[in-house]
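Since the structure comes first, as structure tokens, the remarks are kept for the end.
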Amino acid sequence: MPAFSLNRLRASDFRVMAVYWLLAGPLIGYGYVVQYGWRVGLPTILYTIVLDTAAVYVLVFVILRQLISGRHLLGGLLAFFAFFVGSGLLYFFGYNALLNNEFGHFSFLRMIWAVMQHGRSYGVLGVLMLGKSYFDAQHRLLRVQKAQAESELKTLRAQIDPHFLFNNLNILYALIQQDREEASHFLSCFSSLYRYLIRHRDVDLVPLEEELRFADEYIYLLRHRFGQAYDFQTTLHAPQAELHTRLVVPGTLQVLIENVIKHNRGGDDVPLLVTLDVHPAALTVRNRVAPKRTAVDSTGTGLRNLRERYRLLADEELQVQRDEFFTVTAPLLPAQPAALIAS
């Protein structure tokens with residue numbers, strides 16, 4: 001599974017830090033004010049808040065997560081060492097300047113002392129944020145598993161949907177009677193579509209190139225079923241080479257195309273134009289809103305599930321806009337070696 005954003009603070013993180021400093025700030029500041037007075041105590045507590053918060057952010061949200069990910073182990077260890085040295089220097093010189101109005105006499109032992117003292121200073125907040133980070137990760141993992149399980153169930157239902165099978169088998173039977181060569185091509189696309197769904201049902205992300213190939217086969221089947229009622233046009237605004245280095249949630253185009261067919265009517269005389277635009281960073285599906293005359297019973301599960309999977313797997317949002325046109329934009333994610341799926 002792809003890594004989540006490693007250094008993005010969430011609103012809940014800010015709230016936890018704010019509550020911590022609302023409780024701890026007055027307690028810490030009281031000692032400084034009693035000993036040094038307001039003119040020295042107030043800047044010192046502000047310096048403590050800024051320095052400790054920055055230290056916790058760098059340690060918990062950048063360095064430790066980088067070490068845990070294992071992608072840059074040596075760089076993470078070096079950053080870990082640099083953090084302790086840098087934070088110790090800021091603690092030593094900063095507090096000497098604020099409290100003693102001097103930079104102090106620096107030595108290796110004083111440096112070690114400063115590192116230890118600063119560790120005590122931000123330790124509680126660090127443990128608090130580390131615990132929250134772990135809790136958030138577990139919560140997000142459970143939500144990903146739930147969303148993926150729901151998606152797998154939906155995919156399995158689609159695989160055995162009797163209406164889908166019945167319609168396509170009827171089309172295949174008719175083609176066999178009329179055009180055996182076209183029937184052979186139809187059967188090849190039909191089986192390829194099912195292989196794609198089965199092969200990627202346990203996968204989080206797939207190369208865009210594979211998803212577009214799947215969409216072509218899916219649209220081919222739809223054209224045999226609906227004729228010219230829907231006009232699908234795909235336009236590439238990104239280099240061909242990037243199609244294999246960009247990732248999407250598998251089945252993205254199936255969900256978006258199904259959504260168009262389900263809610264909008266088309267006609268042979270006036271086909272409903274559905275555009276698929278591939279940009280370097282996003283994939284957009286757009287159609288004019290043409291509601292069917294008979295109301296469609298829909299819970300919106302497919303689109304909602306897809307939105308949730310993008311948000312949980314990649315910390316990206318599916319953009320939906322409805323006015324005269326219905327437009328859905330899915331982000332394209334950069335490929336990572338562990339995330340690429342072997343064809």
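Here's how to read the names in the structure tokens: chain A, B, ... by the order shown, residue numbers from 1 in each chain, ligand numbers from 1 in the order shown.
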Original post:
Near range 213-219 of chain A, counting only C-alpha atoms, which residues have an atom at most 7 Å away, once you skip same-chain residues fewer than 3 positions from it, shown as a list in words?
Top reply: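 Answer for this query is Cys189, Leu193, Glu209, Glu210, Leu222, Arg223, Leu253 and Gln254 of chain A.
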Original post:
Looking only at the backbone, which of the residues in range 102-318 of chain A does DSSP tag as helix (DSSP H, G or I), as a PyMOL selection string?
Top reply: chain A and resi 108-159+162-178+180-199+208-226+240-244+252-263+301-314
**OP:** Could you please determine the separation between CA of Arg199 in chain A and CA of Ala137 in chain A in Å, to one decimal place?
**Re:** 27.4 Å
Subject >> Residue neighbourhood range 142-149 of chain A, 9 Å, only C-alpha atoms, exclusion window fewer than 4 positions, as a ChimeraX atom specification >> reply: /A:137-138,153-154,201-202,204,305-306,308-309,312-313
Original post:
Residues at most 12 Å from Val58 in chain A, counting only C-alpha atoms, excluding those fewer than 4 positions away in the same chain, as JSON, numbers by chain?
Top reply: {"A": [6, 7, 8, 9, 51, 52, 53, 54, 62, 63, 64, 65, 66, 76, 79, 80, 82, 83, 84, 86, 87, 122, 126, 129, 130]}
**OP:** Return the single residue from A:Leu98, A:Val19, A:Leu303, A:Val285 that is closest to Tyr32 in chain A, with distances computed using only C-alpha atoms.
**Re:** A:Leu98
**OP:** Can you work out which one of A:Leu165, A:Ala24, A:Val60, A:Ile49 has the shortest atom-to-atom distance to Tyr134 in chain A, counting only C-alpha atoms?
**Re:** A:Val60
